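Enquirer: Here it is, the structure, as C-alpha cells.
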Amino acid sequence: MKTSWKRFWRLVAYYLPKGLYGRSLLIVITPMIVLQSVVAFVFMERHWQLVTERLSAATARDVSAVVDLLETYPTPEGYANTIRMANEQLSLRVDVVGNAALPAPQTPPLFSILDQMLSDQLSDRLKDHQFWLDTTRNDGMVEIRVKLGDEALRIFTRRSQTYASNSHITLVWMVGTAIVLLSIAIAFLRNQVKPISQLAAAAESFGKGRPTPNDFRPRGAAEVRRAGFAFNQMRERIERQMEQRTAMLTGVSHDLRTILTRFRLQLAMGRDFVDTDALNRDVDDMQSMLQGYMDFAKGETREAHGEFDMEEWLARIEDEAELRERKVMTSLRGDPIVHVRPNAFGRLLNNVTGNAFRYAKTVNVEAAHTANFLTVTVDDDGPGVPSDRREDVFKPFVRLDEARNQDSSGTGLGLSIARDIARSHGGDIRLEDSPLGGLRAIIRLPA
C-alpha cells in the first residue's frame, strides 16, 4: 500500500509544473476550483432544486384548482368563467379538447429536475385523474393535459413559472468572477516571478563566465531584493579577488622575469669561462613555471565571449600529432561553431590534449555539439591514472609520482587550469578509464 502511494505521488509530481510560476499559479487555481465546485454543487443541490420544487408545487396547485372548478361547475358558463379566471388570474392558457385521449407517456430527460418535480407534484394533487406532461416540445412553455371523463383539459404555462430558469445566471457570475480573479492572479504572479527568473539568469550567466545582463537589478518582493543585493555583493567580491590575484601574479612574474633576463645576460657574458648549459636549462625551467603561473591566473579573467571553430581546432590537433609522431583520430558531430571565451577555451583543450600526447602513442578526440551541451572526449592509450588519484591531478601544483598530468619541468597546473576554465564556463571535466587502455577525459560545457 505504501509503495502504491509512492508511485501515485511520483506520477503526480512528474506531471506537475516544474517552474515557480506554474506552481504558484497552481496554488492559486486549485483552491479556487475546489471552492467554485463546492459552491456550485451546493447551489444546484439545494437552492436550484428547492426553488424548482416550490414553483412546481405552485403550478400543480393552480392546475388542481382549475380541475376542481371545472368539475364543480360543469356547465358551459362555468367552463367559460373558469377558463377566463385561469387566463387572467393564474397566467394559464386553458382549453378543453373533446373526446381526446392522452398522448403516450414520454421518456423524461435524464437530468431534468423540472420533469421530476412537476410530475411528483401533479401526482400528489391529481390523485384521481390521469395526466400527461411535456416540458420540451414547446420552447419556453410547459404543456399539461388532464383527463376529465370523455374530455381532456389542456393547459399551457410559461416554463419560468415552474422552473428556476434564471439560476444559470449565478453560475455565469461565478465563472466570470473566477476568470477575472485568475487574470489578476496571473498578471500579479508574472510580475512577482519575473525578478526571480532574472536573478537566476544573472547567476547562471555569472557561473558560465559571461557578463551579467545590463538590465539586471534587484526588484520584486523584499526577500527577492535581498537575494539580488547579496548576489551582487558576492559577484563583486569574487571579481575583486580574481583581479587582485591576477595583479599579484602579474607583478611577481614581472619581477622574476627581470631577474631571469639578468641571468641570461650574465650567462651570455660569461660563456667562455663556465659551463652555462645547465644554468640555461634552469632559466628555461623557471621561465616555463612563470608562464604556467600566468596561465593559471588568466584562467578566470573576464575575456569577452566569441566564436570558437571546433573544426579548425581539430585540424590543428591533427597537425600537432603529426609533428609529435603520434597517431590521432578526430570526429565532430553538430555545429562546429561554439560560443565561449576563445583564448581560454583553446587553452583548456590544448592542456588536455597536450597531456594525452605527452604520455600516449594513440589519441582519439571526439566532439559532439548539441542544442544543450558541448562534449569533448579525449581518449589515449597511455599509462592512465589510478581511480583514487584522479581528483588529485586537478589540484594546483600537484604532480603524481606517475607524472601523468605534467612532465618533470612542469608546475602541476595544466589540468588545474583546464578545470578552472571549464567551470568558469558552467561546465566541468571528469576522468574515466579509456577503451584504448589509458585515460579518458570528458569535457562538458553548456552550449
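Every chain in the C-alpha cells takes a letter, A first, then B, and so on in the order presented; its residues are numbered from 1, and the ligands are numbered from 1 following the presented order.
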Can you pull out every residue within 9 Å of segment 425-439 of chain A, counting only C-alpha atoms, but drop anything in the same chain fewer than 6 positions away, and send it as a ChimeraX atom specification?
Expert: /A:204-210,340-341,345,356,360,362-364,378-385,387,390-391,418-419,445-446
Enquirer: Restricting the output to N, CA and C atoms, write the selected residues as a PDB file, in the first residue's frame.
Expert:
ATOM      1  N   GLU A 204      23.255  32.305 -13.445  1.00  0.00           N
ATOM      2  CA  GLU A 204      23.704  31.319 -14.430  1.00  0.00           C
ATOM      3  C   GLU A 204      24.727  31.935 -15.377  1.00  0.00           C
ATOM      4  N   SER A 205      24.476  33.174 -15.806  1.00  0.00           N
ATOM      5  CA  SER A 205      25.414  33.847 -16.694  1.00  0.00           C
ATOM      6  C   SER A 205      26.759  34.059 -16.008  1.00  0.00           C
ATOM      7  N   PHE A 206      26.724  34.452 -14.741  1.00  0.00           N
ATOM      8  CA  PHE A 206      27.971  34.654 -14.000  1.00  0.00           C
ATOM      9  C   PHE A 206      28.701  33.332 -13.802  1.00  0.00           C
ATOM     10  N   GLY A 207      27.942  32.247 -13.551  1.00  0.00           N
ATOM     11  CA  GLY A 207      28.551  30.937 -13.379  1.00  0.00           C
ATOM     12  C   GLY A 207      29.222  30.430 -14.639  1.00  0.00           C
ATOM     13  N   LYS A 208      28.725  30.866 -15.809  1.00  0.00           N
ATOM     14  CA  LYS A 208      29.328  30.469 -17.079  1.00  0.00           C
ATOM     15  C   LYS A 208      30.434  31.410 -17.523  1.00  0.00           C
ATOM     16  N   GLY A 209      30.748  32.403 -16.684  1.00  0.00           N
ATOM     17  CA  GLY A 209      31.816  33.332 -17.035  1.00  0.00           C
ATOM     18  C   GLY A 209      31.383  34.417 -17.992  1.00  0.00           C
ATOM     19  N   ARG A 210      30.083  34.595 -18.148  1.00  0.00           N
ATOM     20  CA  ARG A 210      29.577  35.628 -19.051  1.00  0.00           C
ATOM     21  C   ARG A 210      29.210  36.874 -18.257  1.00  0.00           C
ATOM     22  N   VAL A 340      32.108  30.637 -26.705  1.00  0.00           N
ATOM     23  CA  VAL A 340      32.878  30.534 -25.459  1.00  0.00           C
ATOM     24  C   VAL A 340      33.848  31.710 -25.412  1.00  0.00           C
ATOM     25  N   ARG A 341      34.715  31.714 -24.383  1.00  0.00           N
ATOM     26  CA  ARG A 341      35.837  32.648 -24.384  1.00  0.00           C
ATOM     27  C   ARG A 341      36.947  31.963 -25.167  1.00  0.00           C
ATOM     28  N   PHE A 345      39.196  28.869 -23.770  1.00  0.00           N
ATOM     29  CA  PHE A 345      38.725  27.548 -24.178  1.00  0.00           C
ATOM     30  C   PHE A 345      39.791  26.810 -24.979  1.00  0.00           C
ATOM     31  N   ALA A 356      47.604  14.268 -23.123  1.00  0.00           N
ATOM     32  CA  ALA A 356      47.459  12.950 -23.759  1.00  0.00           C
ATOM     33  C   ALA A 356      48.615  12.668 -24.709  1.00  0.00           C
ATOM     34  N   ALA A 360      51.033   9.218 -24.449  1.00  0.00           N
ATOM     35  CA  ALA A 360      50.388   8.164 -25.226  1.00  0.00           C
ATOM     36  C   ALA A 360      50.874   8.207 -26.666  1.00  0.00           C
ATOM     37  N   THR A 362      48.654   6.805 -29.094  1.00  0.00           N
ATOM     38  CA  THR A 362      47.411   6.910 -29.866  1.00  0.00           C
ATOM     39  C   THR A 362      46.411   7.751 -29.070  1.00  0.00           C
ATOM     40  N   VAL A 363      45.817   8.720 -29.720  1.00  0.00           N
ATOM     41  CA  VAL A 363      44.849   9.624 -29.079  1.00  0.00           C
ATOM     42  C   VAL A 363      43.611   9.709 -29.955  1.00  0.00           C
ATOM     43  N   ASN A 364      42.450   9.652 -29.345  1.00  0.00           N
ATOM     44  CA  ASN A 364      41.179   9.768 -30.049  1.00  0.00           C
ATOM     45  C   ASN A 364      40.412  10.954 -29.478  1.00  0.00           C
ATOM     46  N   VAL A 378      38.425  12.929 -24.908  1.00  0.00           N
ATOM     47  CA  VAL A 378      39.812  12.667 -25.304  1.00  0.00           C
ATOM     48  C   VAL A 378      40.233  11.332 -24.700  1.00  0.00           C
ATOM     49  N   ASP A 379      40.480  10.329 -25.556  1.00  0.00           N
ATOM     50  CA  ASP A 379      40.937   9.003 -25.122  1.00  0.00           C
ATOM     51  C   ASP A 379      42.394   8.812 -25.537  1.00  0.00           C
ATOM     52  N   ASP A 380      43.138   8.078 -24.708  1.00  0.00           N
ATOM     53  CA  ASP A 380      44.507   7.758 -25.080  1.00  0.00           C
ATOM     54  C   ASP A 380      44.860   6.359 -24.586  1.00  0.00           C
ATOM     55  N   ASP A 381      45.994   5.845 -25.049  1.00  0.00           N
ATOM     56  CA  ASP A 381      46.454   4.505 -24.660  1.00  0.00           C
ATOM     57  C   ASP A 381      47.658   4.585 -23.727  1.00  0.00           C
ATOM     58  N   GLY A 382      47.754   5.684 -22.995  1.00  0.00           N
ATOM     59  CA  GLY A 382      48.875   5.873 -22.081  1.00  0.00           C
ATOM     60  C   GLY A 382      48.733   5.067 -20.800  1.00  0.00           C
ATOM     61  N   PRO A 383      49.581   5.373 -19.800  1.00  0.00           N
ATOM     62  CA  PRO A 383      49.571   4.611 -18.547  1.00  0.00           C
ATOM     63  C   PRO A 383      48.349   4.861 -17.673  1.00  0.00           C
ATOM     64  N   GLY A 384      47.630   5.948 -17.924  1.00  0.00           N
ATOM     65  CA  GLY A 384      46.440   6.232 -17.134  1.00  0.00           C
ATOM     66  C   GLY A 384      46.752   6.762 -15.758  1.00  0.00           C
ATOM     67  N   VAL A 385      45.706   6.965 -14.961  1.00  0.00           N
ATOM     68  CA  VAL A 385      45.817   7.469 -13.592  1.00  0.00           C
ATOM     69  C   VAL A 385      44.941   6.594 -12.707  1.00  0.00           C
ATOM     70  N   SER A 387      42.208   5.324 -10.169  1.00  0.00           N
ATOM     71  CA  SER A 387      40.899   5.945  -9.937  1.00  0.00           C
ATOM     72  C   SER A 387      40.864   6.758  -8.651  1.00  0.00           C
ATOM     73  N   ARG A 390      42.464  10.441  -9.298  1.00  0.00           N
ATOM     74  CA  ARG A 390      42.062  11.271 -10.441  1.00  0.00           C
ATOM     75  C   ARG A 390      41.654  12.679 -10.046  1.00  0.00           C
ATOM     76  N   GLU A 391      41.113  12.850  -8.866  1.00  0.00           N
ATOM     77  CA  GLU A 391      40.773  14.202  -8.434  1.00  0.00           C
ATOM     78  C   GLU A 391      42.015  14.981  -8.036  1.00  0.00           C
ATOM     79  N   ALA A 418      42.801  23.790 -16.773  1.00  0.00           N
ATOM     80  CA  ALA A 418      41.733  23.303 -17.639  1.00  0.00           C
ATOM     81  C   ALA A 418      40.413  23.214 -16.894  1.00  0.00           C
ATOM     82  N   ARG A 419      40.421  22.670 -15.678  1.00  0.00           N
ATOM     83  CA  ARG A 419      39.172  22.562 -14.924  1.00  0.00           C
ATOM     84  C   ARG A 419      38.645  23.935 -14.520  1.00  0.00           C
ATOM     85  N   LEU A 445      30.434  21.202 -21.469  1.00  0.00           N
ATOM     86  CA  LEU A 445      30.053  22.593 -21.228  1.00  0.00           C
ATOM     87  C   LEU A 445      28.638  22.823 -21.732  1.00  0.00           C
ATOM     88  N   PRO A 446      27.871  23.705 -21.078  1.00  0.00           N
ATOM     89  CA  PRO A 446      26.562  24.076 -21.633  1.00  0.00           C
ATOM     90  C   PRO A 446      26.725  24.857 -22.920  1.00  0.00           C
TER      91      PRO A 446
END
Enquirer: Can you measure atom CA of Lys147 of chain A to atom CA of His129 of chain A for me? One decimal in Å is fine.
Expert: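 Those two atoms sit 6.1 Å apart.
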Enquirer: Could you tell me which of A:Leu118, A:Val180, A:Ala203, A:Ile238 comes closest to Thr135 of chain A if we count only C-alpha atoms?
Expert: A:Leu118
Enquirer: Please identify which residues in segment 329-403 of chain A DSSP calls alpha helix (DSSP H) from the backbone, and express them as a VMD selection string.
Expert: chain A and resid 342 to 359
Enquirer: Out of segment 3-101 of chain A, which residues get strand (DSSP E or B) from DSSP, as a count of residues only?
Expert: 6
Enquirer: Name all residues at most 7 Å from segment 307-320 of chain A (count only C-alpha atoms; drop same-chain ones fewer than 4 positions away) and give them as number ranges by chain.
Expert: A: 324, 328, 330, 336-340, 342
Enquirer: Print the selection's residues with N, CA and C atoms to a file, as a short mmCIF file (atom, residue, chain, number, x, y, z; two decimals), in the first residue's frame.
Expert:
data_model
loop_
_atom_site.label_atom_id
_atom_site.label_comp_id
_atom_site.auth_asym_id
_atom_site.auth_seq_id
_atom_site.Cartn_x
_atom_site.Cartn_y
_atom_site.Cartn_z
N ARG A 324 54.44 15.50 -33.53
CA ARG A 324 54.87 14.72 -32.35
C ARG A 324 55.02 13.24 -32.67
N VAL A 328 46.48 9.99 -34.24
CA VAL A 328 45.30 10.66 -33.71
C VAL A 328 44.10 10.40 -34.62
N THR A 330 40.07 11.94 -35.06
CA THR A 330 39.18 13.02 -34.64
C THR A 330 37.82 12.85 -35.30
N PRO A 336 30.03 23.18 -35.77
CA PRO A 336 31.43 23.35 -35.34
C PRO A 336 31.67 24.65 -34.58
N ILE A 337 30.76 25.62 -34.67
CA ILE A 337 30.95 26.92 -34.02
C ILE A 337 30.33 26.87 -32.62
N VAL A 338 31.14 27.16 -31.62
CA VAL A 338 30.65 27.23 -30.24
C VAL A 338 30.94 28.62 -29.69
N HIS A 339 30.08 29.08 -28.77
CA HIS A 339 30.22 30.42 -28.19
C HIS A 339 30.83 30.29 -26.80
N VAL A 340 32.11 30.64 -26.70
CA VAL A 340 32.88 30.53 -25.46
C VAL A 340 33.85 31.71 -25.41
N PRO A 342 37.20 32.39 -26.39
CA PRO A 342 38.04 31.62 -27.32
C PRO A 342 39.42 31.28 -26.79
#
Enquirer: Counting only C-alpha atoms, figure out which residue out of A:Ala367, A:Leu16, A:Val28, A:Leu249 gets nearest to Ala185 of chain A.
Expert: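 Checking each of A:Ala367, A:Leu16, A:Val28, A:Leu249 against Ala185 of chain A, counting only C-alpha atoms, the winner is A:Val28.
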Enquirer: Out of A:Asp95, A:Asp335, A:Glu322, A:Asp392, which residue has the shortest atom-to-atom distance to Phe373 of chain A when counting only C-alpha atoms?
Expert: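 Checking each candidate against Phe373 of chain A, we get A:Asp335 as the closest.
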Enquirer: Applying 10 Å and only C-alpha atoms, which residues near Phe156 of chain A remain after dropping the ones on its own chain fewer than 4 positions away? List them as JSON, numbers by chain.
Expert: {"A": [87, 91, 92, 93, 94, 95, 134, 138, 141, 142, 143, 144, 145]}
Enquirer: Name the residues in contact with Ala60 of chain A at a cut-off of 8 Å, using only C-alpha atoms, excluding same-chain residues fewer than 5 positions from it; report them as a list in words.
Expert: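 Here the qualifying residues turn out to be Leu118, Gln121, Leu122 and Arg125 of chain A.
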Enquirer: Keeping C-alpha atoms for every residue in the selection just given, could you write it to a file as a PDB file, in the first residue's frame?
Expert:
ATOM      1  CA  LEU A 118     -43.609  18.774 -11.605  1.00  0.00           C
ATOM      2  CA  GLN A 121     -46.374  17.472  -7.541  1.00  0.00           C
ATOM      3  CA  LEU A 122     -49.126  16.756 -10.100  1.00  0.00           C
ATOM      4  CA  ARG A 125     -52.569  16.916  -6.407  1.00  0.00           C
TER       5      ARG A 125
END
Enquirer: Got a sec: who's within 6 Å of segment 213-220 of chain A, counting only C-alpha atoms, leaving out chain neighbours fewer than 5 positions off, as JSON, numbers by chain?
Expert: {"A": [192, 195, 225, 228]}
Enquirer: Export, as a PDB file, in the first residue's frame, the selected residues with N, CA and C atoms.
Expert:
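The new file again.pdb reads:
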ATOM      1  N   GLN A 192       5.695  38.983 -10.051  1.00  0.00           N
ATOM      2  CA  GLN A 192       6.465  38.574  -8.888  1.00  0.00           C
ATOM      3  C   GLN A 192       7.551  37.559  -9.257  1.00  0.00           C
ATOM      4  N   PRO A 195      11.310  38.871 -11.402  1.00  0.00           N
ATOM      5  CA  PRO A 195      12.604  39.187 -10.772  1.00  0.00           C
ATOM      6  C   PRO A 195      13.386  37.941 -10.359  1.00  0.00           C
ATOM      7  N   ARG A 225      14.630  40.968  -3.357  1.00  0.00           N
ATOM      8  CA  ARG A 225      15.573  42.092  -3.416  1.00  0.00           C
ATOM      9  C   ARG A 225      16.826  41.797  -2.582  1.00  0.00           C
ATOM     10  N   GLY A 228      18.950  39.468  -4.453  1.00  0.00           N
ATOM     11  CA  GLY A 228      19.620  40.171  -5.548  1.00  0.00           C
ATOM     12  C   GLY A 228      20.800  40.989  -5.068  1.00  0.00           C
TER      13      GLY A 228
END
Enquirer: Skip Lys361 of chain A itself and residues of its chain fewer than 4 positions away, then list as an mmCIF file with C-alpha atoms, in the first residue's frame all residues within 7 Å of it, counting only C-alpha atoms.
Expert:
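Below you can see around_8.cif, which holds the result:
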data_model
loop_
_atom_site.group_PDB
_atom_site.id
_atom_site.type_symbol
_atom_site.label_atom_id
_atom_site.label_comp_id
_atom_site.auth_asym_id
_atom_site.auth_seq_id
_atom_site.Cartn_x
_atom_site.Cartn_y
_atom_site.Cartn_z
ATOM 1 C CA ARG A 326 51.519 10.411 -32.636
ATOM 2 C CA LYS A 327 48.501 8.643 -34.089
ATOM 3 C CA PHE A 357 50.120 13.465 -26.452
ATOM 4 C CA ASP A 381 46.454 4.505 -24.660
#
Enquirer: Residues of segment 143-184 of chain A that approach segment 68-82 of chain A to 10 Å or less, counting only C-alpha atoms: could you list each one with the shortest pair of atoms and its distance in Å to one decimal, rows by chain and increasing residue number, as CSV?
Expert:
residue,atom,partner,partner_atom,distance
A:Leu148,CA,A:Glu71,CA,8.2
A:Gly149,CA,A:Glu71,CA,9.9
A:Leu153,CA,A:Leu70,CA,9.4
Enquirer: Please dump the current selection as a PDB file, in the first residue's frame; keep C-alpha atoms.
Expert:
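out-v3.pdb was written with the following content:
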ATOM      1  CA  LEU A 148     -61.805  14.769 -17.444  1.00  0.00           C
ATOM      2  CA  GLY A 149     -64.234  11.977 -18.274  1.00  0.00           C
ATOM      3  CA  LEU A 153     -58.133  19.596 -20.273  1.00  0.00           C
TER       4      LEU A 153
END
Enquirer: Looking at only C-alpha atoms, which of A:Leu133, A:Gln36, A:Thr246, A:His47 is the one that sits closest to Val172 of chain A?
Expert: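 Distance minimum relative to Val172 of chain A lands on A:Gln36.
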